[in-house]
Structure formats: C-alpha cells, structure tokens
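S.K.: The structure that follows is given in the form of structure tokens.
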Amino acid sequence: MKKIFQHPPEKLTGRKYWRSLGELADTEEFRGWLEREFPAGAAELKLDGVSRRNFLKLMGASTALAGLSLAACRHPKHLVPFTKSSEWSIPGKPLFYATSMPRRSGNLPLVVTTHDGRPTKIEGNPLHPAGKGATDHFAQASILDLYDPDRSRFFEEKGQQSDAKKFEAYLDGVIAEAGNGAGLAFLLEESHSPTRERLRKEIARRFPNARWAVYEPLGNQAAEAAAAAAFGPGIKGVPVFEKADVILALDYDFLGNELISIAHSRAFADRRRVEKPGDKMNRLYSVENRYTVTGGTADHRLRLPASQIGHFALALAKELGVDTGGIAAPEGSPEFPADWVREAAADLKSAHGRSLVLVGPRQPVAVQQLGIAINAVLGALNETLVGARVTSAPALSIGELAEAIRQKSIRTLVILGGNPVYNAPADLDWAALQKSVPEVIRLGLWVDETSKESTWHVPAAHYLETWSDGIAADGSYTAVQPMILPLYDGWSELDILAKFAGQPKPAGSELVQETFRQRVKAASFSDAWNKFLHDGFVAQRREGINLAFTGALPQWSQEGLAVPAGAGKIEIVFAADSKMDDGRYNNNGWMLELPDPITKTTWDNTAWVSPRTAKELGISQIAHKAEHDLLEITVNGQTVVAAAFIAPGHADNSITLSLGWGRSVVGALGRGTGVNAYKLRTSASPYFAVGAKVVKQGKQIKIAHTQEHFSMEGRDLVREASLEEFNRQPDFVRHMGGDSHVPPGPPSLYTHPKLEAPNQWGMAIDLNTCIGCSACTVACQAENNTPVVGKEQVLMGRSMHWMRNDRYFVTEEAFNPDLSQYPENPEMVSQPMLCQHCENAPCETVCPVNATVHSPDGLNVMAYNRCIGTRYCANNCPFKVRRFNFFDYHQRPITPVKVPVLGEVNGLKLGPLAPKGSPDTLKMQKNPNVTVRMRGVMEKCTFCVQRIQEARIAQKVKAGASDDVTIPPDTFTSACAQVCPTGSIVFGDILNPESRVSKLKAQEKNYRLLEYLNVRTRVSYLARLRNPNPKMPDAKQTIAHGAAEPAHS
Amino acid sequence: MATGSLSPANEANAAYEQQKAAVTRVPLVTNDRNLPWLTQNVSSIVESKTPIWWWISIFFTSLVAAFGLFCIGYQISTGVGVWGENHPVGWAWDITNFVFWIGIGHAGTLISAILFLTRQKWRTSINRAAEAMTIFAVVCAGIFPGIHIGRVWMAWYLAPVPNSNAIWPNFRSPLLWDVFAVSTYFTVSLLFWYVGLVPDLATLRDRAKSKVSKFAYGLFSLGWRGGNRQWRHYEMAYLVLAGISTPLVLSVHSVVSFDFATSVLPGWHATIFPPYFVAGAIFGGFAMVLTILIPARLIYPQLKDMITPQHIDKMCKIILLTGSIVGYAYAMEFFMAWYGANPYEIWVFLRNRVADPFIFGPLFNVPPAPYWWAYWAMISCNVISPQFFWFKRNRHNLWLIFIVVNLVNAGMWFERFVIIVTSLHRDFLPSSWGMFHPTWAEIGLFVGTFGIFLTLFLLFMRFLPMVTIFEVKTVLPEADPHHHPNTHNGEVKH
C-alpha cells in the first residue's frame, strides 16, 4: 500500500469553536461524513425516483444505444476531429453510421462500423428490406480502397504536384471561359444520385451546349435499349424472384457480379430453402458459355458459346410460339440439343405467370428483345417481371463523345471517375483522343492511365468520405454520408459539378440536403433529415409501371443475332471479372487475393478454355503444377497473351477472358497482374467477338491457385440429392460415404470435459442456397485483420484466408486433373470451409504449449501470445483450416524490394533487411478488437470471438446481479454469416432450440463432416438439393454424390 | 589361411586345420596383436602430427557447417517462410531431417548399451565411434525441432517452468514428450559416452607430451589412476548407465513415432509405428556406423585389426534383419489400411505413395501419385538393397557394403519424407491438397547439418581415441584368465 504522507495535526491552542454539534461530538459517523465526497449511501440515494446508480446506468445504456442505433448528429460544417472527446463516443466502442455505396445497380444501403473516427468494417443496412444486413464482396472490399496507400494524394497539373487552390483558380477560369458550354463535355460513370441529376440540370441550364456522356464498360445498355423499345423510354424490367418458380437465365450471372442487386440473390435463395420433405423450391435453368456461380447453382445447365445464345433464344421463342416475324433459325448453328429446348420451354410454359426468362446484359439488343417477347408469352410481365423507371436521364455514349472529340468540338473534357484510357472500347483509341482535347480535368481515386493523359488530376474522395445520395435497387432513396474527413483532401464528383453549376464547393451536406428537401416533403425538415441519416434511407415505393408489350418485336431482325461460334470459329467472351469488376478493384489486395469462385485463381486472370478446345489447341494443365500454357489470342486486329485455364463446364470453341486486369498505371499491388482484355474489345463486339485466332505460344507462366485439385474423389464432403430423392428419403445424408458406417454419436474412450457456458456457439451452412460467391471470405478478412500475402506466397500454398470456399466439379465418372484430364460437362458444387470448432479437436491435443484450447462456450480458441508455431495443429487438422504466418505479412512488404546485389526480391524474403511497418492508412482499417498476428504464429477462424465477447459483456452488464447471462438467440452474428447475400451461413447458440442455427441443425439433411473421426464439429452443413426436371435430357435419376458405397441397414 | 597347392604330406594336416577353423571363433582382434600394440596404435591417431587430409576435410566440412548456420540465421531472422512449407504440408524437411538424425543416433547407444548388457564382445571396437556418432547425430537432430518453430525465441514455453500466466505445457502433446525424450536421450548418451572415455583419456594423459594436452586430458580423465577400487566403481557405473540407456534406445524413437501415430492423419495414425520406427532407427544407425567406419579403416590401417571383416559382417546382418523388419512394417501398413477398410488410409497408401506410372499405378488402375518416386526410392533403398547381405560374399565386399549402407542412409531419409510429406500433402479434403517444394534455405540447412556432423566427427577423430582401448584389451587372448602364452586363438597346444 502506498503511504500518504500527512502533516502531524497542529496543536490546538487558544479558544476552540465548533462549527456544529457534530463536530463537538466528534463521532465516527461524523468523521466519515466529513471525509467522504458523497455521504454514505449517496450511490443509492433516491432522487426523484431515479437512483444515482440507475441514472448512470440509464445514461450508459442510452449512449450505447445511440451508438448501436446509428447516430446521426453532425456538426453542420465539418466533421469533428478527436482533439476533444465527443459526447456520443465512448473510447473503444465503435459507432455505426448508415450510408450507401454507389453502384451500377443502384446504391447499396450500408451500415459502417467506425472506431474512433476510422471506418473499419462495412455491413449491409439491416433496416433496409433489400439486403437484410447482407452485402457482397465488392462492398466489403471497398473499405480497403479508402485506405489504399497508393491512392492519389495530390492535385496534379500535367503530372506535376499542385494544390487545391491552384486547381480552383484554374477551374474558375475554365468555367468563366466556357460560354454556352459548346466546348465543354463531361464523361461520368453511371450513377443513381438524384443530386447529380439535379446538378446536371443546373449545368445544362448554365451551359446549354455542354455534352454529358456516361460510360460504363460493364453497363446494361442493351437491356435498357430493348426495354425502352418494348415498353417505352425510361422504363426497364425488374425481375421478381419471389414469384418465379421456373427461371431460365440466358448468359446471365445474376447471382454473381452482374447488374442485379443482392436483394435479388436473397429473394432467389429464399425460394430454394427446403426444410422438410414436401417443401417447394424453384427451378433454375442456365445457358452460359462458362461456369458462373449462377450456372453452378442451376438445376439444369447448358454450356453454349455466348454467340449461340441468341440462337438458343430464338429456338426457345419459336418453341413457345413467339411471333418472330417468320424468321427461320439460322442454318447449321445450333449445337444445343433440341429436346433440351423443348422440355425447358414446356416447363416454362407450364408455370405460366410464375416463370421468368432472364437475358444477360452481355447479349445484344435483339436477344434482349427476344427475351422480352418470351416473357410476354410466358405471362411473366407484371408478374415475375415488373416495370421500373430508369433513374438517370439519357446521356451520350462514349462513342458519341469520341465522335465529338474527333470533330474537334470539345475544348474541355471533365472526366469524373471511370478510367476510359484503360477501358474504353479499343476501336476508339481513347488515349489518343483524350490527348487531342486541350483541357482534360480528371477526378480519380488513383493516378491511373487516364490521369496520365489529363491536364489536371484531382484526387477523388472515396464514397466513405463524401456526401451524396442515391437510389437503391428497390427504389428507396439512400444517403451517402462521410465516415471520415477526406484523407487526402479529395473532391467528390458533386464538388466539381457544383462548381460548374455555379455554386461554391460544398463544405458539407448542403447539396444533398437541397435534393432531400425537394424529394422528401416532410413537416419538419430537420427531423426528416436526421431520420434519413440515421436510417440511411427513405423508403420510397417504386412507381408502379405497367409493362405493356404489343407482342411484335420492334425493329427486330436476325441480323441482331451474332454469328455463332463453332468448329474452327472461336469466340472470345469478355466477362466481367468476379473480383476486379471493370478493373476498379485492381489495386485492392483483398480482391486480388480472393480466389475466383470458379477457377480459384488469384492475382491473375486467365483465358478459360473447355477441355476439348484445349486439346485442339494442344494445351495441358497438370493440376498439382502451377504452370499454365500461354495463348496468343488475336481478335479485332489486336493480340494479347494470356495464360490458359482448362475450365470444366466451359463451352467448346469459346474462350472467356475477364476484363479488369493488366492495368499499366496502377498501384504497387496491381502491377503486373493479369492481362488486359480491353485491348481486344471494340464498340461493335463489347461482350464477345467471334473469329479469334488462338495459338499456343509454347511458353508457360505460373498462376496462383488456392485449390489445385477439384475432384471430390468420391468422398462424402458435399452431399446432395434431388428434391424427389429427398422427399423419398429425407435422411439421405446419413446413408452416404463412410459416415453411414458410423453409429450416431460415436462413443469415446475419453471423458470429455463438459462445456458448461450458458451459450454454445455453432454454425450451420446451407449448401442448397450457398452460391459460392466468396463474400464470406472477404468479410472475414475485413473483420479479422487477415493479411494479404501476394502471388508468390499463394503459389507456395500460403494464402491466409480463414474462410475459404471449396469448389468441386462433380461427374459420374472419375477424372484425374493430375493427368490433365478434365470433365467436359460436370456439375459444380461449392462448400464454405472454415474452422469447424471440433468439440473433440485434434489440434488441441497436439499443441505442446497449450496455445490452442477449448473455451467453455464451445470455441476452439487460439492464444496467439502463447503460440510458438510448431504447426503441429495445422498438420493434425482434418479440414486444413489453420493458417500459419510464414512471414511477417503485416510488417514486411509483399511486393518486390530493390536490393543491391540480388536485384528485386520479394520483401517478405528479405526479412530484417526489408523496410518494416505497415502503411498508416492500412493500420487504420484494422479492427482494433482483433489482434494483428505476427510471424511464426498460427491463426484460424475464431467464430468472430470479439463479437461474442462484446455480446457477452453487454449481456452481463444487462444482467447485473441476476443470473440472466445467457445471450438471447440471434442477437448478433459472425462476419461471414452477416455478409452472406443468400443467408446460407447461420451462426448462433446451439443450446437454445429457438435459435435459427438450432432449427437448421435439427433438419434431417444436416450433416457433419468426417464424423468417423469423432471430432464432433460445431459447424454442420445442410445437404444440397437439386430440383431437376425429370423430362430433361440431362436429368439423372440419382444424382446423390459423395456416396462411396451403400449404407448397411 | 592356407593358400596355394598343398603337398600330399600336408593334406591330412590341412583337413585338420579346416575342421578346426570351422569350429573355432575368429578372433575379434586379428594378427595376434598384444596390449601395447593396441595402446600404441589407437593413441597414435591422436598423438601423431595432424595430417593434411584432416585439415582439408575440416576446412570443407566446417564451411558447409557454417553455411548451415547461415541458413539457420536467415530462417530465424526472416521466418519459416524461407522454407518451402505451406498449408497442407506444415512439416517437411525440418521434421524429416530431425527424425533422420535421431534415427542415426540410435546405433551408438544400442551398440554400447544393449550389446553390452547382452555380452556381445564384438561391440568393443566400434562402440566408441558409434556413440560419438550418436551424440553428433542427436546434436544435428536437436537443431531441427529447435528452429523449425515459428517463434524460436519463445521455445522456452516448452519447458515446464512456473510462470506468471500459470500455463503449463500441454502434457498430452507428443511433441512435448519428444522434448523430454530427446533431451533425456542426449544427456544419458553423452554421460554414457563420457564415462566410457575416462580410462582412455587417462591413458592419453599418461602418454601426452605437451603441456596443454596433459592438462586437458588430465582434466577430463577426472583423476583416473586405474586402481582396483576405481575399476570396481567404474564398471558398476557403466553397467547402471547401460541399464538406463537401454530403455531409452527403445523409448526415444517410439516417442518420436508418437508425433505421427497419435495424430488423426491417415498415413500417420498407425499403431505399428513405435516398433517400426525403432527397427528403422537401428537399421539407419548401423548403416551410418558403417558409412563412417569403412573409410576410417582405410585412413588408419591399424584399425583393420580391431574393426575386422567379422565386425562388418555382423553389422551387415543387423542391417539385413532390421531392414527386413522395416520392409515387413511397410507391408503391414497396407494390410492394416485394407483390413481397416478406411478409404482415406487406403488412399494415402495406394494413391499417395505406391501408385507409380509404370507398374503399380496401371496394375491398380490408379493415376500416378505425385510423390511415387519418393516411395519407390524408399523401398529400393531400404527393402531391396539390404537383401544383398543374405550372401556372405557380399558382406565382405567393402565396396558393395559401402554402396548399400549409403543407399540405406538415403532410404531412411526418404522413409521419413514419405511418411511426413506424402501423408500431409493429400489428406481428407481434396480442396486443400498441395505440393511441397524445398527451397535453397532448407536444402542448405540439411547439407549444413552434415557439415556439423562431419566436423564434430573429425574433431573427435583428432582428439579422442576412436576405439575403446581398454575394452578392446579385454577381448584379447591375454585378457583371458585362462590364457596361456603358448596358445593360439584360445586353443591350447599339447
């Protein structure tokens, strides 16, 4: 005990006065009263019925509640820096703000977690009906772009560093000289922001002759054009998956990365949740050239070159009796079985009004029109396909703008976002065009290809740094509000547009408030505005538009169909990349390292070739070797060299090359990744080009995969059956593979310690609704500070994902990828794999230092501080989900470092000689509740233990002295479960029968992996079901895979 | 012995000699060497001027050892990632080399302890070198578990020391048993070796001329005077140490095998492992003893009288026996996989190991395993090559023996590689299958351990008596209490 020095009491001399009788009496209580700050019992003192303790409790709870329920109070001018503590902020506690992410498909409503003013994690807005709190991998990864150390930090004039003041002076000059705007042109990205539309109108008023062009390399122009022609201008069709029983997707990866929002994925998945025999599920037919997650989910899939899909649509239309104007099917083209078309058509027809045909945005207008005509015949219009108004007014296309530039009529070009030098159609030769414009102002997050060719580069503010708004896919009006002051004083698109509209650069939300005032008529503006920011959106019902189709196909002719690819005529398909999108994520480490859902490729794109075409081209690919043959692909007069990937399930005579890679001016991570397919892409053939010359180059390069072997080898890992089989034998999962030999709940010789916590955590993953999109992988990475390791490390088999998606191709006959034998037309299944949290965990017994142990609530936990890194646990893990930090991934550069003698060496391998430390911005992204692991330490999924602990603490606080420490069911969830767009991952308390996870685990198709090992996993899987049409030619009577041998009865 | 044509007069005598030779044991020390000759010739190796070949050899071996140390430094400073290990294959060359060296470290103590207890007198001339080899092999082995971990500086967590966190090591983990087993084995082996050295060190001390060596040998010979009491205590101590060492010979490799046997991994999870590993260790250990002694005999011809063809013959027989045990164990693994009807285990043995592209793969109609060459290298070296030793002629052909024992050395390395890497690289979930490729840093480290081993052995040859002088003396005819100066080969002439 620390001694407190006290002066000796002064001697009392002279006369003595007492201030009170108490002092005179000098009792113990009096002394206590005198010395205590508050009288005894003050804590419990009743003041107006609220005790002090209760008052503090209430205050604490309301502050916490304010945090939890999306605080919205803002300083009107600028965000409050943390020099003084803000009253709503509790150090160490996150705040949550609602915002939305601007996307091509409409703004995605989000809730962003911020720690001490740093946004760290993105979740879906649970209040919004569309996503129910889910997001996708793009939204998850977008937070890393905010902190990208390679983001542009300065204004640049002709490549020289400048500043905002000079730019503003320049901009004022440009505006002053613009006259009526004849020489002024804007090139923007697709947006759904009403504020931008409003500013556009104001600019048009001020500069009536200014040109306004919108370019999206992966837009939806064809579908919109077809819809406009069929239903009237400004009207588009929106699918209603809730009502669709039978769906046919023509070249449409609607579950993957194309133009449909995650709300649709959810709605689609909801129709596939089969709980018990007799439940109904929808049926999906998919016709596509390559495997997509949609094709993987389909009940029937037909692989067909993209250029033949129009012909398929025509055949289908004829089968359904659509008036095609007497056009005959082109000769010799169809490679598709006639009975496939016939039976699919019959099935669609029999579900009149409940069926839907979707045509992918990559198909030309003629095919889109066929799709509309087919939907009309199927009675889908206004049932499974409803009308909606396009949110933005029509604009010039990039081709029209290019024409104007060619005619020298543009003096000032303002490029807001996008990257046209990189991704404009090759035939425009945009780089040269842009150079010919005297003044080019470019707003961009990075100094990229386009910035290099611009007069001025303006650093853009990330959407998490700006005020804006947008219309969500369901028509609701969403807010975009800043989470943080712009890190590099970037400007937003609206800032520049406001200047052109004659307004000062807004300091805050004025512009959006103005729009809000116009759109939302509320009694009290401030209340409505605060609620808007708090909720993140205003639910606005989409205007009901009746889709009326006359039946005739306007301006339709066979010429609209592509020349079909076939033997000797190879097509190149320019696919949207599952991770890069159009190239905007090309410096995003999470995205670069995220395995493609189909090929499991990281850090590169590859040319996907069918096994047969590969054989014709002389390509081979040994699964356990990383070498891939290089192909020289020449089409549209341009040549690129890409690594071949033999893709099972790919259409013959078709090669898929995804866009968005091979950037020439890009940050450190994106450098040297993939090949640029935009070089081959022209305005005439934006999505596929027939007649390519493909030659094997004879060289090979290494491609980093996270999964080399994709045959399940007859093991009972993913178990599936047809709906009919499930109805007949609901417990079919018990009769498959080795587990059919294991008695239920195998006995143990060992007395296992009891797990006695009031909550027991577990997880169930519904393989029937899982589409394999890998959003869970990125969400986990964002939540748990998992490092990015780089291509070289992935090649060595060291990716660090705690959550991975295993993808298997399934055939009746065995195939051997080790001998370059690949099935031509397999089925595809995927299985999210994470730490299974075995109750009888093999990893725990072998750790010599007790670094991995079991928690009373059933988690297999890692004590990083205790771990010495023997890797024994990883060896003994049957699921191989443990991840070892082979290097200091957080501390050392994963990119090459120049060394005097050795040249460029991977920074990881240089160890102490490499620069140390992570860029500050990357540190800002880290979740402060999760330890950042150093090298030499094993890590793995923790079931998001930080979230569990937070819930536990909250519950304990709530419980006070009572015993009510049991966390109520489904009050929080893990990051992977939260992000899952289809709600396939469910985490919760398995002890509580009311929790969703318990209900899922109670289903008969619930099974655990490797039951024979008696590891007693806490993660279980619900078997996958397919709903085949028995009349289809490819329908199998028994498609139960994984059954090694029949069970003994 | 008798060569050339025999005259008829001597024929009867020759027949008698032949019969006699058939029933007489060949002496353990040949050419009628006597006690002073032994002392002189063993000591002279240490006392003579350091030969040139020694300087050249130690220069190279220590260079290699230094490179190995550099690789260790690089790995510790940079991370385990400088090796080729990855996510399915968490252990590869590190543990392969560990088990390899530990296995080699078996023969020494076996020869010293078990053969001592079983009164196998032929052990006397080889036990010193074999024990030294054991110690050096365990030193090399000890490097690997020490540095293969991710955070070497935290290795003390393995020690059961009380700490503020009140966390103990996990006594259920075989890796911890390993720590205890190996460290105990090393300590006891070192003690045993040192105790065995004491009387010979005293001999060297007595013969030493320079002050330094007088002091050094004097210090380490612990005041040995060779008195009767000293001998009595000494022999008891030696016996006790032999008694302690004997179970350790069996336990240490059994415990090492538990690293694998107690896991759930198909290919590791096998009850046969402890005896199979011990047999394999003896097998590999004897091979290494021969690898070292055959050249040593060439360099120092006087050793040929002590380490005779008879010794080599016996060691070859042990190699044949243990090699066959190992071969039987390989076969048993298949039987158990088949009998246990565990598809994962069958997969590991058939599809990860045996299936080659030429014979067995096509025979079982399975594709070749990526590591088929490792498996077949192991079988050829460990099972096939010792079969030469069925024939006496082969057991006396030093060239052949030298080739075979080196094949066995390689084969035993491959055995550990096969067990560790081929089981790990393709286990339960095909999605997580992967390949392992070694890097220069781990190859350098492995080569470096040979440098360390040979450097230590060269130092041992230079400074310590390679043969146990006093023990070999006990097998000379003179040491026999019934010895008569006029006898030859123990036979009394009347």
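Ligands are numbered from 1 in the order shown, residues from 1 within each chain, and chains are lettered A, B, ... in the order they appear in the structure tokens.
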Which chain B residues are at most 8 Å from chain A (counting only C-alpha atoms), as number ranges by chain?
M.R.: B: 77-82, 84-91, 148-152, 154-155, 157-158, 167-176, 263-265, 343, 367, 424, 427-436
S.K.: Hey, what's within 7 Å of stretch 241-250 of chain A if we count only C-alpha atoms and toss same-chain stuff fewer than 2 positions away? As a compact mmCIF listing (two decimals) with N, CA, C and O atoms, in the first residue's frame, please?
M.R.:
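Everything below was put into result03.txt:
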# COMPACT_ATOMS: atom_id res chain seq x y z
N PRO A 239 -36.76 -8.14 -62.36
CA PRO A 239 -37.28 -9.48 -62.04
C PRO A 239 -37.81 -9.57 -60.61
O PRO A 239 -37.33 -8.88 -59.70
N TYR A 252 -26.65 -15.14 -68.13
CA TYR A 252 -26.88 -14.13 -67.11
C TYR A 252 -26.40 -14.65 -65.75
O TYR A 252 -27.02 -15.51 -65.15
N HIS A 264 -31.86 -9.44 -54.88
CA HIS A 264 -32.38 -10.47 -55.77
C HIS A 264 -31.78 -11.83 -55.45
O HIS A 264 -32.47 -12.83 -55.52
N ALA A 267 -33.71 -13.05 -52.60
CA ALA A 267 -35.06 -13.49 -52.96
C ALA A 267 -35.00 -14.82 -53.69
O ALA A 267 -35.83 -15.71 -53.46
N PHE A 268 -34.01 -14.96 -54.55
CA PHE A 268 -33.84 -16.22 -55.28
C PHE A 268 -33.56 -17.35 -54.29
O PHE A 268 -34.18 -18.42 -54.35
N ARG A 271 -36.31 -18.86 -52.22
CA ARG A 271 -37.18 -19.83 -52.88
C ARG A 271 -36.51 -21.20 -52.97
O ARG A 271 -37.06 -22.11 -53.58
N ASN A 282 -37.67 -23.43 -56.23
CA ASN A 282 -37.73 -23.02 -57.63
C ASN A 282 -36.79 -23.88 -58.46
O ASN A 282 -36.04 -24.70 -57.95
N ARG A 283 -36.90 -23.70 -59.76
CA ARG A 283 -36.04 -24.46 -60.66
C ARG A 283 -35.33 -23.47 -61.56
O ARG A 283 -35.96 -22.58 -62.11
N LEU A 284 -34.02 -23.65 -61.66
CA LEU A 284 -33.23 -22.71 -62.45
C LEU A 284 -32.58 -23.43 -63.61
O LEU A 284 -31.89 -24.44 -63.42
N TYR A 285 -32.85 -22.92 -64.80
CA TYR A 285 -32.12 -23.38 -65.99
C TYR A 285 -31.12 -22.29 -66.32
O TYR A 285 -31.44 -21.11 -66.25
N SER A 286 -29.94 -22.71 -66.69
CA SER A 286 -28.94 -21.71 -67.05
C SER A 286 -28.26 -22.11 -68.34
O SER A 286 -27.87 -23.26 -68.52
N VAL A 287 -28.19 -21.15 -69.25
CA VAL A 287 -27.46 -21.38 -70.50
C VAL A 287 -26.34 -20.36 -70.52
O VAL A 287 -26.59 -19.16 -70.47
N GLU A 288 -25.11 -20.83 -70.55
CA GLU A 288 -23.98 -19.91 -70.46
C GLU A 288 -22.76 -20.56 -71.09
O GLU A 288 -22.71 -21.77 -71.26
N ILE A 309 -26.11 -18.09 -77.97
CA ILE A 309 -27.22 -17.98 -77.02
C ILE A 309 -28.41 -17.26 -77.64
O ILE A 309 -29.56 -17.60 -77.40
N LEU A 348 -41.26 -24.05 -68.70
CA LEU A 348 -41.52 -22.62 -68.51
C LEU A 348 -43.00 -22.32 -68.80
O LEU A 348 -43.64 -21.54 -68.09
N ALA A 351 -45.49 -23.32 -66.15
CA ALA A 351 -45.54 -22.42 -64.99
C ALA A 351 -45.94 -21.03 -65.46
O ALA A 351 -45.29 -20.04 -65.14
N ARG A 354 -45.61 -17.76 -63.58
CA ARG A 354 -44.69 -17.98 -62.47
C ARG A 354 -43.29 -18.31 -63.01
O ARG A 354 -42.43 -18.78 -62.29
N SER A 355 -43.13 -18.14 -64.31
CA SER A 355 -41.81 -18.41 -64.88
C SER A 355 -41.20 -17.11 -65.39
O SER A 355 -41.89 -16.10 -65.53
N LEU A 356 -39.91 -17.17 -65.62
CA LEU A 356 -39.18 -15.95 -65.94
C LEU A 356 -37.98 -16.31 -66.81
O LEU A 356 -37.27 -17.28 -66.52
N VAL A 357 -37.79 -15.54 -67.85
CA VAL A 357 -36.59 -15.72 -68.66
C VAL A 357 -35.74 -14.46 -68.53
O VAL A 357 -36.23 -13.35 -68.71
N LEU A 358 -34.49 -14.65 -68.15
CA LEU A 358 -33.59 -13.51 -67.95
C LEU A 358 -32.50 -13.55 -69.01
O LEU A 358 -31.89 -14.59 -69.23
N VAL A 359 -32.31 -12.43 -69.66
CA VAL A 359 -31.26 -12.36 -70.68
C VAL A 359 -30.14 -11.48 -70.13
O VAL A 359 -30.38 -10.36 -69.68
N GLY A 360 -28.96 -12.00 -70.17
CA GLY A 360 -27.83 -11.29 -69.57
C GLY A 360 -27.49 -10.02 -70.31
O GLY A 360 -27.73 -9.90 -71.51
N THR A 384 -43.68 -11.83 -62.78
CA THR A 384 -42.30 -12.08 -62.35
C THR A 384 -41.35 -11.04 -62.92
O THR A 384 -40.17 -11.03 -62.59
S.K.: Excluding same-chain residues fewer than 6 positions from stretch 453-463 of chain A, what lies within 6 Å of it counting only C-alpha atoms, as a ChimeraX atom specification?
M.R.: /A:146,152,155-158,439-445,486,490-492
S.K.: Would you kindly return, as a PyMOL selection string, each protein, DNA or RNA residue with an atom no farther than 9 Å from any atom of A:Ala139, considering only C-alpha atoms and excluding same-chain residues fewer than 5 positions away?
M.R.: chain A and resi 101+108+110+122-124
S.K.: For a quick check of understanding, using only C-alpha atoms, which of A:Ala704, A:Ala692, A:Ile496, A:Ala222 has the smallest distance to A:Glu593?
M.R.: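 Result for the nearest residue to A:Glu593: A:Ala704.
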S.K.: How far is it from atom CA of B:Gly73 to atom CA of B:Ile104, in Å with one decimal?
M.R.: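 These two atoms are separated by 25.0 Å.
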S.K.: Find the residues around stretch 378-389 of chain B up to 6 Å (only C-alpha atoms counted), leave out those fewer than 6 positions away in its own chain, and share them as a PyMOL selection string.
M.R.: chain B and resi 320+323+327+395+404+407-408+411+414-415
S.K.: Using DSSP assignments from the backbone, pull out every residue in stretch 373-534 of chain A that falls under strand (DSSP E or B) and give it to me as number ranges by chain.
M.R.: A: 381, 385-389, 396, 412-416, 439-444, 456-460, 468-472, 477-480, 491
S.K.: Find the residues near A:His628: any atom within 7 Å, counting only C-alpha atoms, skip ones fewer than 6 places away on the same chain, and give them as a list in words.
M.R.: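 Everything that qualifies: Gln621, Ala643, Ala644, Phe645, Gln700, Ile701, Lys702 and Ile703 of chain A.
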